[in-house]
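Next comes query_4.txt, a file with compact mmCIF, C-alpha atoms.
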```txt
# COMPACT_ATOMS: atom_id res chain seq x y z
CA MET A 25 -1.99 69.97 -11.48
CA LYS A 26 -5.21 68.33 -10.56
CA SER A 27 -4.44 65.32 -12.64
CA THR A 28 -0.99 65.06 -11.01
CA VAL A 29 -2.53 64.99 -7.53
CA HIS A 30 -4.97 62.44 -8.71
CA SER A 31 -2.26 60.19 -10.05
CA HIS A 32 -0.25 60.60 -6.85
CA LEU A 33 -3.29 59.61 -4.90
CA LEU A 34 -3.84 56.65 -7.13
CA ALA A 35 -0.26 55.61 -6.69
CA ALA A 36 -0.50 55.97 -2.94
CA VAL A 37 -3.74 54.05 -2.79
CA SER A 38 -2.46 51.25 -4.95
CA GLN A 39 0.70 51.13 -2.85
CA CYS A 40 -1.45 50.76 0.22
CA PHE A 41 -3.30 47.91 -1.40
CA ALA A 42 -0.06 46.29 -2.39
CA ILE A 43 1.28 46.56 1.15
CA ALA A 44 -1.97 45.27 2.54
CA ALA A 45 -1.90 42.37 0.16
CA LEU A 46 1.69 41.57 1.01
CA THR A 47 0.91 41.81 4.70
CA THR A 48 -2.00 39.45 4.26
CA LEU A 49 0.16 37.03 2.34
CA SER A 50 2.92 37.08 4.91
CA LEU A 51 0.41 36.67 7.70
CA ALA A 52 -1.02 33.71 5.88
CA ALA A 53 2.46 32.30 5.43
CA GLN A 54 3.17 32.77 9.11
CA ALA A 55 -0.06 31.09 9.99
CA GLN A 56 0.81 28.15 7.79
CA SER A 57 4.24 27.67 9.25
CA ALA A 58 3.11 28.23 12.78
CA GLY A 59 2.22 24.63 13.44
CA VAL A 60 -1.14 23.01 13.48
CA ALA A 61 -4.18 25.27 13.53
CA PRO A 62 -6.31 24.45 16.58
CA GLU A 63 -9.46 24.08 14.49
CA ALA A 64 -7.72 21.62 12.17
CA ARG A 65 -6.64 19.60 15.16
CA HIS A 66 -10.12 19.82 16.59
CA MET A 67 -11.89 18.65 13.45
CA LEU A 68 -9.55 15.71 12.96
CA LYS A 69 -9.92 14.64 16.57
CA ALA A 70 -13.70 14.83 16.34
CA SER A 71 -13.60 12.59 13.30
CA THR A 72 -11.27 9.95 14.71
CA ASP A 73 -13.15 9.93 18.02
CA PHE A 74 -16.45 9.48 16.22
CA LEU A 75 -15.18 6.59 14.16
CA GLY A 76 -13.45 5.08 17.15
CA SER A 77 -16.78 4.99 18.94
CA GLN A 78 -18.51 3.07 16.14
CA GLN A 79 -18.71 -0.59 17.05
CA ARG A 80 -19.77 -1.92 13.66
CA PHE A 81 -19.47 -0.35 10.26
CA THR A 82 -18.66 -0.87 6.62
CA ALA A 83 -16.87 1.54 4.33
CA ASP A 84 -16.88 1.22 0.57
CA THR A 85 -13.93 2.98 -0.95
CA ARG A 86 -12.41 3.88 -4.27
CA ASN A 87 -8.66 3.94 -4.18
CA THR A 88 -5.97 5.28 -6.47
CA LEU A 89 -2.26 4.70 -6.37
CA GLU A 90 0.35 6.44 -8.47
CA ILE A 91 3.59 4.83 -9.50
CA VAL A 92 6.41 6.84 -11.02
CA LEU A 93 8.37 5.30 -13.85
CA LYS A 94 12.05 6.01 -14.43
CA SER A 95 11.07 8.40 -17.20
CA GLY A 96 9.10 10.42 -14.69
CA GLN A 97 5.80 9.31 -16.16
CA LYS A 98 3.11 8.60 -13.61
CA ILE A 99 0.92 5.54 -13.87
CA GLU A 100 -2.25 5.29 -11.85
CA PHE A 101 -3.72 2.09 -10.48
CA ASN A 102 -7.27 1.85 -9.24
CA ASN A 103 -9.24 -0.45 -7.07
CA THR A 104 -12.32 -0.51 -4.98
CA ALA A 105 -12.61 -2.02 -1.54
CA ARG A 106 -15.12 -2.79 1.16
CA GLN A 107 -14.03 -2.83 4.76
CA SER A 108 -16.27 -4.46 7.35
CA VAL A 109 -15.41 -3.92 10.99
CA GLN A 110 -16.94 -5.19 14.19
CA ARG A 111 -15.10 -4.23 17.32
CA PRO A 112 -13.29 -5.53 19.19
CA ASN A 113 -12.04 -8.38 17.04
CA ARG A 114 -13.62 -8.90 13.63
CA LEU A 115 -12.49 -7.55 10.28
CA ARG A 116 -13.09 -8.31 6.66
CA ALA A 117 -11.61 -6.38 3.77
CA GLU A 118 -12.21 -7.11 0.11
CA ARG A 119 -10.43 -5.49 -2.77
CA THR A 120 -10.97 -5.67 -6.48
CA GLY A 121 -9.08 -3.67 -9.01
CA ASP A 122 -6.22 -3.72 -11.46
CA LEU A 123 -5.49 -7.43 -11.62
CA VAL A 124 -5.98 -7.89 -7.93
CA GLU A 125 -8.79 -9.61 -6.16
CA GLN A 126 -8.01 -10.18 -2.54
CA VAL A 127 -9.86 -10.82 0.69
CA PHE A 128 -8.57 -10.39 4.20
CA VAL A 129 -10.50 -12.03 7.02
CA TYR A 130 -9.88 -11.82 10.76
CA ASP A 131 -12.16 -13.81 13.05
CA GLY A 132 -10.58 -12.96 16.39
CA GLN A 133 -8.31 -16.02 16.33
CA SER A 134 -6.66 -16.22 12.98
CA LEU A 135 -6.16 -14.10 9.93
CA THR A 136 -6.59 -15.33 6.41
CA LEU A 137 -5.46 -13.73 3.20
CA TYR A 138 -6.88 -15.17 0.02
CA ASN A 139 -6.97 -14.50 -3.67
CA PRO A 140 -10.23 -15.99 -4.98
CA HIS A 141 -9.14 -15.76 -8.59
CA ASP A 142 -5.84 -17.54 -7.94
CA LYS A 143 -7.56 -20.03 -5.64
CA VAL A 144 -4.94 -19.72 -2.94
CA TYR A 145 -5.09 -18.71 0.69
CA ALA A 146 -2.76 -18.44 3.66
CA GLN A 147 -3.78 -18.51 7.29
CA VAL A 148 -1.98 -17.88 10.57
CA PRO A 149 -3.01 -17.64 14.22
CA ALA A 150 -3.45 -14.01 15.21
CA PRO A 151 -3.74 -11.97 18.42
CA GLY A 152 -7.12 -11.45 20.03
CA THR A 153 -7.90 -7.82 19.29
CA LEU A 154 -8.09 -5.83 16.09
CA GLU A 155 -5.30 -3.49 17.03
CA GLU A 156 -2.95 -6.23 18.15
CA MET A 157 -3.79 -8.19 15.02
CA LEU A 158 -3.01 -5.22 12.78
CA ASP A 159 0.30 -4.67 14.53
CA PHE A 160 1.07 -8.37 14.20
CA ALA A 161 0.17 -8.43 10.52
CA ARG A 162 2.26 -5.39 9.78
CA THR A 163 5.36 -6.22 11.75
CA ARG A 164 5.52 -9.98 11.37
CA LEU A 165 3.99 -10.62 7.99
CA ASP A 166 4.39 -7.27 6.30
CA ILE A 167 0.71 -7.49 5.51
CA ILE A 168 -1.31 -4.36 5.30
CA ALA A 169 -4.84 -4.87 6.48
CA PRO A 170 -6.96 -2.71 4.28
CA ALA A 171 -8.97 -1.23 7.11
CA GLY A 172 -5.74 -0.05 8.63
CA ASP A 173 -5.89 2.86 10.94
CA LEU A 174 -9.63 3.12 10.95
CA VAL A 175 -9.63 0.46 13.55
CA TYR A 176 -7.16 1.94 15.96
CA THR A 177 -8.87 3.75 18.78
CA ASN A 178 -5.85 6.08 18.98
CA ALA A 179 -6.08 6.93 15.28
CA TYR A 180 -5.67 10.62 16.05
CA GLU A 181 -2.31 10.14 17.74
CA ILE A 182 -1.17 7.87 14.93
CA LEU A 183 -2.13 10.34 12.24
CA MET A 184 -0.73 13.38 14.01
CA ASP A 185 2.57 11.80 14.95
CA GLY A 186 5.27 13.84 13.23
CA VAL A 187 2.88 16.42 11.82
CA THR A 188 4.42 19.88 11.74
CA GLU A 189 1.69 21.94 10.07
CA GLY A 190 -2.04 21.75 9.68
CA ILE A 191 -4.64 24.10 8.26
CA VAL A 192 -8.33 24.20 7.48
CA VAL A 193 -8.51 24.74 3.74
CA GLY A 194 -12.26 25.35 3.63
CA LYS A 195 -15.48 23.70 2.60
CA ALA A 196 -15.77 21.06 -0.10
CA VAL A 197 -18.22 18.51 -1.45
CA ILE A 198 -17.09 14.89 -1.74
CA GLU A 199 -19.41 12.36 -3.36
CA GLY A 200 -22.25 14.79 -2.82
CA VAL A 201 -21.49 15.23 0.89
CA ARG A 202 -20.45 18.57 2.36
CA CYS A 203 -17.11 18.34 4.09
CA ASP A 204 -14.42 20.32 5.83
CA HIS A 205 -11.13 20.08 4.00
CA LEU A 206 -7.98 19.87 6.12
CA ALA A 207 -4.35 19.75 5.03
CA PHE A 208 -1.35 18.58 7.05
CA ARG A 209 2.37 18.31 6.58
CA ALA A 210 4.74 15.79 8.07
CA PRO A 211 8.33 14.95 7.16
CA GLN A 212 8.32 13.67 3.57
CA VAL A 213 4.55 13.51 3.46
CA ASP A 214 1.74 15.96 2.84
CA TRP A 215 -1.76 14.71 3.45
CA GLN A 216 -5.26 16.04 3.12
CA ILE A 217 -8.46 14.80 4.64
CA TRP A 218 -12.08 15.70 3.98
CA ILE A 219 -14.41 15.27 6.95
CA GLN A 220 -18.17 15.19 6.75
CA GLU A 221 -19.97 18.20 8.22
CA GLY A 222 -22.46 17.79 11.01
CA ASP A 223 -22.93 15.34 13.84
CA GLN A 224 -21.36 12.39 11.99
CA PRO A 225 -17.85 13.65 11.21
CA LEU A 226 -16.80 10.71 9.06
CA PRO A 227 -13.67 10.84 6.93
CA ARG A 228 -14.81 11.03 3.30
CA LYS A 229 -11.56 11.34 1.44
CA LEU A 230 -7.85 11.13 2.08
CA VAL A 231 -4.97 12.06 -0.19
CA ILE A 232 -1.34 11.38 0.59
CA THR A 233 1.48 13.05 -1.32
CA THR A 234 4.92 11.53 -0.98
CA LEU A 235 7.51 14.26 -1.20
CA ASP A 236 10.75 12.33 -1.23
CA LEU A 237 10.12 10.41 -4.44
CA PRO A 238 10.46 11.92 -7.91
CA ASN A 239 7.29 13.67 -9.05
CA SER A 240 5.67 13.17 -5.65
CA PRO A 241 3.27 10.30 -6.32
CA GLN A 242 -0.08 10.33 -4.57
CA PHE A 243 -2.31 7.81 -2.91
CA GLY A 244 -5.98 8.60 -2.68
CA VAL A 245 -8.95 6.97 -1.06
CA THR A 246 -12.52 8.19 -1.37
CA VAL A 247 -15.33 6.70 0.68
CA THR A 248 -18.28 6.16 -1.59
CA ARG A 249 -20.50 4.80 1.16
CA TRP A 250 -20.45 4.55 4.92
CA ASN A 251 -22.80 2.17 6.68
CA LEU A 252 -22.87 2.55 10.45
CA ASN A 253 -25.53 -0.09 10.92
CA PRO A 254 -24.51 -2.97 8.68
CA ALA A 255 -26.10 -6.41 8.62
CA PHE A 256 -23.27 -8.88 9.16
CA ASP A 257 -23.91 -12.59 8.94
CA ALA A 258 -22.02 -15.66 10.07
CA GLN A 259 -20.00 -15.70 6.86
CA THR A 260 -18.80 -12.12 7.05
CA PHE A 261 -15.92 -12.79 9.40
CA THR A 262 -15.22 -16.44 8.78
CA PHE A 263 -13.23 -18.10 6.06
CA THR A 264 -14.10 -21.47 4.59
CA PRO A 265 -11.91 -22.59 1.72
CA GLN A 266 -13.85 -23.37 -1.40
CA ALA A 267 -13.29 -26.57 -3.32
CA GLY A 268 -10.02 -26.52 -5.20
CA MET A 269 -8.44 -23.82 -3.07
CA LYS A 270 -4.82 -24.43 -2.13
CA GLN A 271 -3.29 -23.37 1.14
CA ILE A 272 0.07 -21.64 0.84
CA ASP A 273 2.51 -20.13 3.30
CA PHE A 274 3.36 -16.59 4.19
CA LEU A 275 7.01 -15.91 3.51
CA PRO A 276 8.69 -14.73 6.70
CA ARG A 277 9.29 -11.06 6.72
CA MET G 2 16.83 3.87 -4.91
CA THR G 3 17.78 0.47 -6.07
CA SER G 4 18.44 0.03 -9.72
CA THR G 5 18.97 -3.05 -11.75
CA GLY G 6 20.89 -1.18 -14.38
CA LYS G 7 20.83 -3.25 -17.53
CA SER G 8 18.84 -5.98 -15.92
CA LYS G 9 15.39 -6.46 -17.30
CA ALA G 10 14.01 -7.16 -13.91
CA PHE G 11 11.70 -4.60 -12.47
CA VAL G 12 12.64 -2.97 -9.29
CA VAL G 13 9.66 -1.68 -7.48
CA THR G 14 10.18 0.37 -4.43
CA ILE G 15 7.12 0.65 -2.35
CA ALA G 16 6.48 1.79 1.11
CA LEU G 17 4.27 -0.20 3.36
CA PRO G 18 3.17 1.61 6.40
CA LEU G 19 -0.39 1.16 7.51
CA LEU G 20 -3.04 2.17 5.14
CA TYR G 21 -5.77 4.37 6.38
CA LEU G 22 -8.75 2.95 4.61
CA ALA G 23 -7.56 0.57 2.03
CA GLY G 24 -4.50 -1.19 0.81
CA VAL G 25 -3.54 -0.45 -2.71
CA SER G 26 0.17 -0.15 -2.41
CA PRO G 27 0.75 -3.89 -2.12
CA ASP G 28 -0.84 -4.39 -5.51
CA ALA G 29 1.94 -2.62 -7.23
CA PRO G 30 4.49 -5.38 -7.78
CA ALA G 31 1.97 -7.77 -9.26
CA THR G 32 0.30 -5.28 -11.51
CA LEU G 33 3.58 -3.87 -12.68
CA THR G 34 4.53 -7.05 -14.42
CA LEU G 35 2.52 -5.60 -17.28
CA VAL G 36 4.50 -2.39 -17.50
CA PRO G 37 6.95 -2.48 -20.41
CA GLU G 38 10.25 -3.69 -19.11
CA ALA G 39 12.31 -0.78 -20.32
CA ARG G 40 10.54 1.48 -17.89
CA ALA G 41 11.72 0.33 -14.54
CA VAL G 42 9.65 1.77 -11.80
CA VAL G 43 11.09 4.20 -9.35
CA GLY G 44 8.48 4.48 -6.72
CA ALA G 45 5.03 4.42 -5.30
CA PRO G 46 3.72 6.77 -2.66
CA LEU G 47 4.23 6.38 0.95
CA THR G 48 0.98 5.06 2.17
CA PRO G 49 -1.27 7.15 4.32
CA VAL G 50 0.01 6.62 7.74
CA SER G 51 3.50 7.47 6.83
CA ALA G 52 1.78 10.71 7.59
CA ALA G 53 1.57 9.23 11.02
CA GLY G 54 5.22 9.88 11.38
CA VAL G 55 8.52 8.24 10.97
CA ALA G 56 8.37 6.32 14.20
CA ARG G 57 5.54 4.10 13.11
CA ARG G 58 6.57 3.85 9.55
CA THR G 59 7.94 0.60 8.36
CA THR G 60 11.00 0.76 6.22
CA ARG G 61 10.64 0.88 2.53
CA ARG G 62 10.69 -2.45 0.91
CA VAL G 63 12.23 -3.36 -2.37
CA VAL G 64 10.51 -5.94 -4.47
CA VAL G 65 12.08 -7.36 -7.55
CA ALA G 66 9.50 -8.54 -10.00
CA GLU G 67 10.46 -9.99 -13.32
CA SER G 68 8.00 -9.67 -16.13
CA THR G 69 6.46 -12.77 -17.58
CA ALA G 70 7.51 -11.70 -21.03
CA THR G 71 11.10 -11.36 -19.98
CA GLN G 72 11.19 -14.76 -18.45
CA SER G 73 9.56 -16.68 -21.23
CA ALA G 74 11.18 -14.92 -24.13
CA ALA G 75 14.70 -15.24 -22.92
CA ALA G 76 14.50 -18.30 -20.76
CA ASN G 77 17.44 -19.99 -22.36
CA THR G 78 19.85 -17.18 -22.81
CA ALA G 79 22.93 -16.59 -20.78
CA ALA G 80 21.86 -13.00 -20.41
CA VAL G 81 18.84 -14.07 -18.47
CA GLN G 82 20.91 -16.32 -16.30
CA GLN G 83 23.01 -13.34 -15.41
CA GLN G 84 19.98 -11.26 -14.77
CA GLN G 85 18.50 -13.83 -12.55
CA ALA G 86 21.71 -14.22 -10.67
CA ALA G 87 21.84 -10.48 -10.28
CA THR G 88 18.24 -10.49 -9.21
CA ALA G 89 18.89 -13.16 -6.66
CA GLN G 90 21.87 -11.31 -5.32
CA GLN G 91 19.88 -8.18 -5.05
CA GLN G 92 17.11 -9.92 -3.26
CA SER G 93 19.36 -11.53 -0.76
CA ALA G 94 21.06 -8.23 -0.23
CA THR G 95 17.83 -6.38 0.27
CA ALA G 96 15.96 -9.01 2.19
CA GLN G 97 17.91 -11.05 4.62
CA GLN G 98 15.01 -13.28 5.38
CA GLN G 99 14.97 -14.42 1.82
CA SER G 100 18.43 -15.85 2.02
CA ALA G 101 17.44 -17.65 5.17
CA THR G 102 14.41 -18.96 3.38
CA ALA G 103 16.58 -19.94 0.47
CA GLN G 104 18.80 -22.00 2.71
CA GLN G 105 15.86 -23.85 4.14
CA GLN G 106 14.43 -24.41 0.76
CA ALA G 107 17.75 -25.48 -0.67
CA ALA G 108 17.95 -28.14 2.02
CA ALA G 109 14.41 -29.21 1.33
CA THR G 110 14.99 -29.30 -2.36
CA GLN G 111 18.03 -31.49 -2.02
CA GLN G 112 15.88 -34.03 -0.32
CA GLN G 113 13.05 -33.71 -2.75
CA ALA G 114 14.81 -33.31 -6.03
CA ALA G 115 14.38 -36.37 -8.15
CA ALA G 116 16.10 -34.85 -11.14
CA PRO G 117 19.04 -32.45 -11.34
CA ARG G 118 18.13 -28.84 -11.86
CA PRO G 119 18.52 -27.65 -15.41
CA ALA G 120 21.53 -25.55 -16.25
CA GLY G 121 20.77 -21.87 -15.96
CA ALA G 122 17.92 -22.40 -13.56
CA PRO G 123 17.12 -19.36 -11.43
CA ALA G 124 18.72 -19.25 -8.04
CA ILE G 125 17.05 -21.28 -5.35
CA GLY G 126 15.10 -19.06 -3.07
CA SER G 127 14.66 -16.25 -5.57
CA VAL G 128 11.17 -14.84 -5.77
CA VAL G 129 9.21 -13.99 -8.89
CA THR G 130 5.73 -12.55 -9.23
CA ALA G 131 4.88 -14.45 -12.39
CA LEU G 132 5.65 -17.95 -13.56
CA PRO G 133 7.37 -18.66 -16.86
CA ALA G 134 5.26 -20.18 -19.60
CA GLY G 135 4.48 -23.86 -19.74
CA CYS G 136 4.28 -24.82 -16.09
CA LYS G 137 2.58 -27.94 -14.82
CA ALA G 138 1.27 -28.44 -11.33
CA GLU G 139 2.64 -31.40 -9.43
CA THR G 140 2.31 -32.51 -5.85
CA ARG G 141 5.18 -33.77 -3.76
CA ASP G 142 4.60 -34.89 -0.18
CA GLY G 143 1.24 -33.16 -0.23
CA VAL G 144 2.68 -29.84 -1.31
CA GLU G 145 1.82 -28.39 -4.68
CA PHE G 146 4.62 -27.11 -6.88
CA GLN G 147 4.69 -25.68 -10.35
CA ASN G 148 7.16 -27.46 -12.57
CA CYS G 149 8.36 -25.04 -15.19
CA GLY G 150 10.85 -26.69 -17.51
CA GLY G 151 12.34 -28.70 -14.68
CA VAL G 152 12.49 -25.80 -12.23
CA LEU G 153 10.10 -26.05 -9.31
CA TYR G 154 8.24 -23.04 -7.98
CA ARG G 155 6.13 -22.89 -4.87
CA ALA G 156 3.41 -20.30 -4.36
CA ALA G 157 3.47 -18.10 -1.26
CA PHE G 158 2.27 -14.77 -0.01
CA GLN G 159 5.01 -12.23 0.40
CA SER G 160 3.29 -9.39 2.14
CA ASN G 161 0.01 -9.03 0.22
CA ASN G 162 1.50 -10.31 -2.99
CA LEU G 163 1.19 -13.75 -4.47
CA VAL G 164 4.71 -14.76 -5.44
CA TYR G 165 6.55 -17.90 -6.48
CA VAL G 166 9.68 -19.09 -4.74
CA VAL G 167 12.23 -21.02 -6.76
CA GLN G 168 12.90 -24.39 -5.13
```

In structure tokens, write the structure found in this file.
Amino acid sequence: MKSTVHSHLLAAVSQCFAIAALTTLSLAAQAQSAGVAPEARHMLKASTDFLGSQQRFTADTRNTLEIVLKSGQKIEFNNTARQSVQRPNRLRAERTGDLVEQVFVYDGQSLTLYNPHDKVYAQVPAPGTLEEMLDFARTRLDIIAPAGDLVYTNAYEILMDGVTEGIVVGKAVIEGVRCDHLAFRAPQVDWQIWIQEGDQPLPRKLVITTLDLPNSPQFGVTVTRWNLNPAFDAQTFTFTPQAGMKQIDFLPR
Amino acid sequence: MTSTGKSKAFVVTIALPLLYLAGVSPDAPATLTLVPEARAVVGAPLTPVSAAGVARRTTRRVVVAESTATQSAAANTAAVQQQQAATAQQQSATAQQQSATAQQQAAATQQQAAAPRPAGAPAIGSVVTALPAGCKAETRDGVEFQNCGGVLYRAAFQSNNLVYVVQ
């Protein structure tokens, strides 16, 4: 008799736990599908505002890109890059990695793309501000400037456009730096960002998952070093062709 | 998803919206010339700011990149001619600007061409990411071309990629 009561109690208690657990899960699910959590929004905005207010900086990054083969096998490509930015109208981006060595230079008047190893460069007149230049490069030349959205002062609006869900995942450590980990969903794309804790909320890592391709390939970029007080010299944002370099054209888009 | 079917050309579909911190996506076509040809590539990720929404996102671009091995090994076969024709058709279908470019270049080539093009030469205006073997640089009217077995190629940037346009 006693043991029967005990087992009933146990059953009741465990049922309660099960219900509680289910309730917690469904609450969590509701929270996730209920749009963008205010704190996620807040943290992202703080980060983009902080970076938007920096007039000069460099970011050294390590980048990975996945390609999916027909078999479904994923292949990863790696490169490292340094982005140098001086608002309102200077940019230099250098990449080295799998077979690619490329430099992008914008001096406020023209943009130059060159491959030092191939000894070729192309140059075109460009608009007078970083943001206009990036738009020009993207829409007219199909060229992706490696500093990309960092430079836009409305980076928050750009990133959040189309986002349907956003959560704060928790704390994380990226390259030895404590960060807040955020995760967002937009049509066809999931993305995560890790933002440095404290009074310099710099983005430290970004991962993009593409949902509408087989096996959902990912793009990742990790900042290995931020420098908010870089020493730029006269050569940083100018391009002078070296001996033997050939000028080539951009194909029209 | 574009497919070349039996063609040995690679079809690389990549998306090119803005990158957040760094551009890696544009590397793909060039680097993929080393991927074994039987394994045509189906896709690379959307780049970061596709997360920025559909409105800003540029359309996905299809790049056809033939492997160096394919070109040099089979340069004289009819099969390759067909492939290249198919490649050229695909390119003109997928990139209207290329056919426009091809017309310009065809006109230019008619003026420049000292010798007739070899039979089976790739279509004028088609774009490759690697030259066939045995090319020699030559300069005509101050412009450098690569002469590869009588077919002229001219270097250019297509997006971030160094490519060669058949003249």

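Proximity to A:Gln110 was assessed for A:Val129, A:Leu226, A:Val201, A:Leu206 counting all atoms listed in the file; the smallest distance is recorded for A:Val129.
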
Original post:
Could you pull the residues within 7 Å of G:Val128, counting all atoms listed in the file, minus those fewer than 5 positions along the same chain, as a VMD selection string?
Top reply: chain G and resid 164 to 167

Original post:
Interatomic distance between atom CA of A:Arg86 and atom CA of A:Pro62?
Top reply: 29.9 Å

Original post:
How far is it from atom CA of A:Ala105 to atom CA of A:Thr85, in Å with one decimal?
Top reply: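 Atom CA of A:Ala105 sits 5.2 Å away from atom CA of A:Thr85.
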
Chain A residues near chain G (7 Å cut-off, only C-alpha atoms) as a PDB file with C-alpha atoms, in the coordinates of the input:
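Produced file out21.pdb, reproduced below:
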```pdb
ATOM      1  CA  ASN A  87      -8.660   3.940  -4.180  1.00  0.00           C
ATOM      2  CA  LEU A  89      -2.260   4.700  -6.370  1.00  0.00           C
ATOM      3  CA  GLU A  90       0.350   6.440  -8.470  1.00  0.00           C
ATOM      4  CA  ILE A  91       3.590   4.830  -9.500  1.00  0.00           C
ATOM      5  CA  VAL A  92       6.410   6.840 -11.020  1.00  0.00           C
ATOM      6  CA  LEU A  93       8.370   5.300 -13.850  1.00  0.00           C
ATOM      7  CA  LYS A  94      12.050   6.010 -14.430  1.00  0.00           C
ATOM      8  CA  SER A  95      11.070   8.400 -17.200  1.00  0.00           C
ATOM      9  CA  ALA A 105     -12.610  -2.020  -1.540  1.00  0.00           C
ATOM     10  CA  ASP A 122      -6.220  -3.720 -11.460  1.00  0.00           C
ATOM     11  CA  LEU A 123      -5.490  -7.430 -11.620  1.00  0.00           C
ATOM     12  CA  VAL A 124      -5.980  -7.890  -7.930  1.00  0.00           C
ATOM     13  CA  LEU A 165       3.990 -10.620   7.990  1.00  0.00           C
ATOM     14  CA  ASP A 166       4.390  -7.270   6.300  1.00  0.00           C
ATOM     15  CA  ILE A 167       0.710  -7.490   5.510  1.00  0.00           C
ATOM     16  CA  ILE A 168      -1.310  -4.360   5.300  1.00  0.00           C
ATOM     17  CA  ALA A 169      -4.840  -4.870   6.480  1.00  0.00           C
ATOM     18  CA  PRO A 170      -6.960  -2.710   4.280  1.00  0.00           C
ATOM     19  CA  ALA A 171      -8.970  -1.230   7.110  1.00  0.00           C
ATOM     20  CA  GLY A 172      -5.740  -0.050   8.630  1.00  0.00           C
ATOM     21  CA  ASP A 173      -5.890   2.860  10.940  1.00  0.00           C
ATOM     22  CA  LEU A 174      -9.630   3.120  10.950  1.00  0.00           C
ATOM     23  CA  ILE A 182      -1.170   7.870  14.930  1.00  0.00           C
ATOM     24  CA  LEU A 183      -2.130  10.340  12.240  1.00  0.00           C
ATOM     25  CA  MET A 184      -0.730  13.380  14.010  1.00  0.00           C
ATOM     26  CA  ASP A 185       2.570  11.800  14.950  1.00  0.00           C
ATOM     27  CA  GLY A 186       5.270  13.840  13.230  1.00  0.00           C
ATOM     28  CA  VAL A 187       2.880  16.420  11.820  1.00  0.00           C
ATOM     29  CA  ALA A 210       4.740  15.790   8.070  1.00  0.00           C
ATOM     30  CA  VAL A 213       4.550  13.510   3.460  1.00  0.00           C
ATOM     31  CA  TRP A 215      -1.760  14.710   3.450  1.00  0.00           C
ATOM     32  CA  ILE A 232      -1.340  11.380   0.590  1.00  0.00           C
ATOM     33  CA  THR A 233       1.480  13.050  -1.320  1.00  0.00           C
ATOM     34  CA  THR A 234       4.920  11.530  -0.980  1.00  0.00           C
ATOM     35  CA  LEU A 237      10.120  10.410  -4.440  1.00  0.00           C
ATOM     36  CA  PRO A 241       3.270  10.300  -6.320  1.00  0.00           C
ATOM     37  CA  GLN A 242      -0.080  10.330  -4.570  1.00  0.00           C
ATOM     38  CA  PHE A 243      -2.310   7.810  -2.910  1.00  0.00           C
ATOM     39  CA  VAL A 245      -8.950   6.970  -1.060  1.00  0.00           C
ATOM     40  CA  ILE A 272       0.070 -21.640   0.840  1.00  0.00           C
ATOM     41  CA  ASP A 273       2.510 -20.130   3.300  1.00  0.00           C
ATOM     42  CA  PHE A 274       3.360 -16.590   4.190  1.00  0.00           C
ATOM     43  CA  LEU A 275       7.010 -15.910   3.510  1.00  0.00           C
ATOM     44  CA  PRO A 276       8.690 -14.730   6.700  1.00  0.00           C
ATOM     45  CA  ARG A 277       9.290 -11.060   6.720  1.00  0.00           C
TER      46      ARG A 277
END
```

**OP:** Up to 12 Å from (-16.8, 22.7, 5.6) in the file's coordinates: name the residues, counting all atoms listed in the file, as a PyMOL selection string.
**Re:** chain A and resi 63-64+67+192-198+201-206+217-222+225

Subject >> Gap from atom CA of A:Val60 to atom CA of A:Thr188 - Å, one decimal >> reply: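 Atom-to-atom, atom CA of A:Val60 and atom CA of A:Thr188 are spaced 6.6 Å apart.
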
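Surrounding residues of (6.6, -20.2, -13.0) at most 7 Å away are Ala131, Leu132, Pro133, Ala134, Cys136, Gln147, Cys149, Tyr154 and Tyr165 of chain G (based on all atoms listed in the file).
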
Original post:
A:Asn102, A:Gln212, A:Ser134, A:Thr72: which is nearest A:Ser240, counting only C-alpha atoms?
Top reply: A:Gln212

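Look at stretch 137-144 of chain A: the protein and nucleic acid residues within 7 Å of it, using only C-alpha atoms and passing over chain neighbours fewer than 4 places away, are Glu125, Gln126, Val127, Phe128, Val129, Gly268, Met269, Lys270, Gln271 and Ile272 of chain A.
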
Original post:
Looking at A:Gln79, A:Gln147, A:Thr104, A:Gln224, which one is nearest to A:Thr248, with distances taken over all atoms listed in the file?
Top reply: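 Between A:Gln79, A:Gln147, A:Thr104, A:Gln224, the residue approaching A:Thr248 most closely is A:Thr104.
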
Written coordinates, N, CA and C atoms of stretch 142-147 of chain A as an mmCIF file, in the first residue's frame:
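Written output follows (decode-v6.cif):
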```cif
data_model
loop_
_atom_site.group_PDB
_atom_site.id
_atom_site.type_symbol
_atom_site.label_atom_id
_atom_site.label_comp_id
_atom_site.auth_asym_id
_atom_site.auth_seq_id
_atom_site.Cartn_x
_atom_site.Cartn_y
_atom_site.Cartn_z
ATOM 1 N N ASP A 142 49.383 38.070 -60.403
ATOM 2 C CA ASP A 142 49.127 38.031 -61.846
ATOM 3 C C ASP A 142 49.651 39.270 -62.564
ATOM 4 N N LYS A 143 50.063 40.260 -61.780
ATOM 5 C CA LYS A 143 50.580 41.514 -62.325
ATOM 6 C C LYS A 143 49.570 42.219 -63.237
ATOM 7 N N VAL A 144 48.338 42.237 -62.820
ATOM 8 C CA VAL A 144 47.317 42.960 -63.572
ATOM 9 C C VAL A 144 46.511 43.832 -62.615
ATOM 10 N N TYR A 145 45.998 44.932 -63.160
ATOM 11 C CA TYR A 145 45.124 45.788 -62.371
ATOM 12 C C TYR A 145 44.096 46.421 -63.283
ATOM 13 N N ALA A 146 42.988 46.817 -62.703
ATOM 14 C CA ALA A 146 41.965 47.566 -63.425
ATOM 15 C C ALA A 146 41.556 48.737 -62.544
ATOM 16 N N GLN A 147 41.226 49.828 -63.194
ATOM 17 C CA GLN A 147 40.955 51.062 -62.443
ATOM 18 C C GLN A 147 39.812 51.811 -63.111
#
```
